[in-house]
Structure formats: structure tokens, C-alpha cells
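Working notes, beginning with the structure itself.
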Amino acid sequence: MTGIVQRVTTLFRIKANKALDKAEDPREVLDHSYEQQLRMLQRVRRGVADVATSRKRVELQLSRLQQSTDKLRGQAERALAAGREDLAREALTRRTAVAGQITDLEAEHTVLKEQEDKLTVAAQRLEGKVDAFRTRKETIKAGYTAAEARTRITEAVTGIGEEMGDVGLAVQRAQDKTEQLQARAGALDELIASGALDDATQPAGRDDIQAELERVTAGQDVELELARMKEQLPTGSVPKVVEAGDEERPGQEKEP
């Protein structure tokens, strides 16, 4: 039982693969692959844009922190000038914390810039590969279309295509049927002539003996009609009928 199921499964796969191979159009497959590569390129470009956005946000934060350090330094100087050493110390303490944040953001900015550069190079390479694939795709599609058209034309000319094959089979069937009908008609004519079959178009009760008698009678009627026509002709206008034994011999004179 297991062997039968396995054979049926294998046969089904073979039939399915054959059907899919027949239905598959290489041009559609190439177009689909090109679309997939375009989607991949778009994802890479979005990644580059996201990293660049993050880098830009870090730069903005660095700019604000740098302005904050300048402001705190100025406040510390003014507080010290006013005799408020405690305020000056607080301002410098905050400035030190901000400087630490600036150092961390500068390191993050460096990492983001490196990632952005790598993604930009990868996007450029991928874009070049996609463009090259598009050119090759169009070349292959053009060659496939030309080969397909040439094959169809050749099949049409040689008559081995499905459409022309159907036409050829129809013509052959019509020719065979015509020959069969011609042979049947000839056989029926021979059977009627031999008396094996009766002619349904003749009156009822008509047979071959009657047909022969009618033929003889028709011949006699023709002879009688010829005799009557000869009698009606003027005298001397009817040529003398030369019998077979009365032919003139060489050197023999005609009787007066």
C-alpha cells in the first residue's frame, strides 16, 4: 500500500511540474525577480535614510549641548565676578556633565556616520546590480520573444503547430470521408448494374428483362421512324445504300 501511495505521489509531482513548466513564462519570472530586487533596493535606501536621520538628530543634540556648555561657562564667569563662588561651581559642574554627554553623542555620531557610509556604498552597489539585471532581463526577454515568434511561424509553415495541426487533421478527415463516399457510390452502381440491387428510382415491378425489352423496342421505333422519314423525301434524293457484296471492284464497269 505504501508503494502505491508513493508512486501516485511521484506521478502527481511529475504531472504538476510538467503543467507548471508549460504554464511558466520566463519573461514573467524575470520581471518578478526584477521587482523583488527593486523592493530590496528600496529597503536598503530606506535604511540609509533612517541612519542619516539618526545622525542628523545626534548632530542637532550636539549643537544644543555645545550651546549649553557655552551658556554655563558664561554663567560661571558672571557668578564668580559677582562673588557667588557657589553658583559658579554649580554652573561648572553642570558644564562638566554636559561635556560628558557631548563625548557620548560624538562617539554615537561616529558610529552612525560609519554605518551610513557602508549602507550608502551597499546601496550604490546594489543599484548597479539591479540596473545590470534590468538590462540583461530585457535582452533575454527580447531574445525569448523573437525565438517564440520564430517557432510559431515555423510551426505554422510546416504545419506541426497545434492550430495548423488541427486544420491538417480536418482536411485529412474531409478527404477520407469524400473518398469513402465515392467508393460507396461506385460499389452501389456496380451492384445495381449487376442486378444485385434494385434501383429505387425505377417504377415498381421493373426488372432487367423488362429493361432489355424496352431497349429493343426503342431501337425498333427508331428504325421505323427513319423509314417513314425516307419515304417522305422526294424521289431521287435518297442515296442508294450500297450493300457489302455490291462494292465496285477495280476495272469493273458500272451497269447502265
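The chains in the C-alpha cells are called A, B, ... from first to last as shown; in each chain the residues are counted from 1, and the ligands are counted from 1 in the order shown.
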
Hey, what's within 10 Å of A:Ser54 if we count only C-alpha atoms and toss same-chain stuff fewer than 6 positions away? As a PyMOL selection string, please?
chain A and resi 48+60+108-109+112-113+116

Show which residues sit within 7 Å of stretch 91-107 of chain A, as a list in words. Count only C-alpha atoms, and ignore same-chain residues fewer than 2 positions away.
Val58, Leu62, Leu65, Thr69, Leu72, Arg73, Gln75, Ala76, Leu87, Ala88, Arg89, His109, Thr110 and Val111 of chain A

Figure out the distance between atom CA of A:Glu114 and atom CA of A:Leu38, please, to one decimal in Å.
24.4 Å

Got a sec: who's within 12 Å of A:Ala132, counting only C-alpha atoms, leaving out chain neighbours fewer than 6 positions off, as a ChimeraX atom specification?
/A:34,37,125-126,138-139

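Ranking A:Val222, A:Ala122, A:Val29, A:Leu80 by their shortest atom-to-atom distance to A:Val44, with only C-alpha atoms included, puts A:Ala122 first.
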
Counting only C-alpha atoms, which of A:Asp117, A:Glu59, A:Asp176, A:Glu77 gets nearest to A:Glu90?
A:Glu77
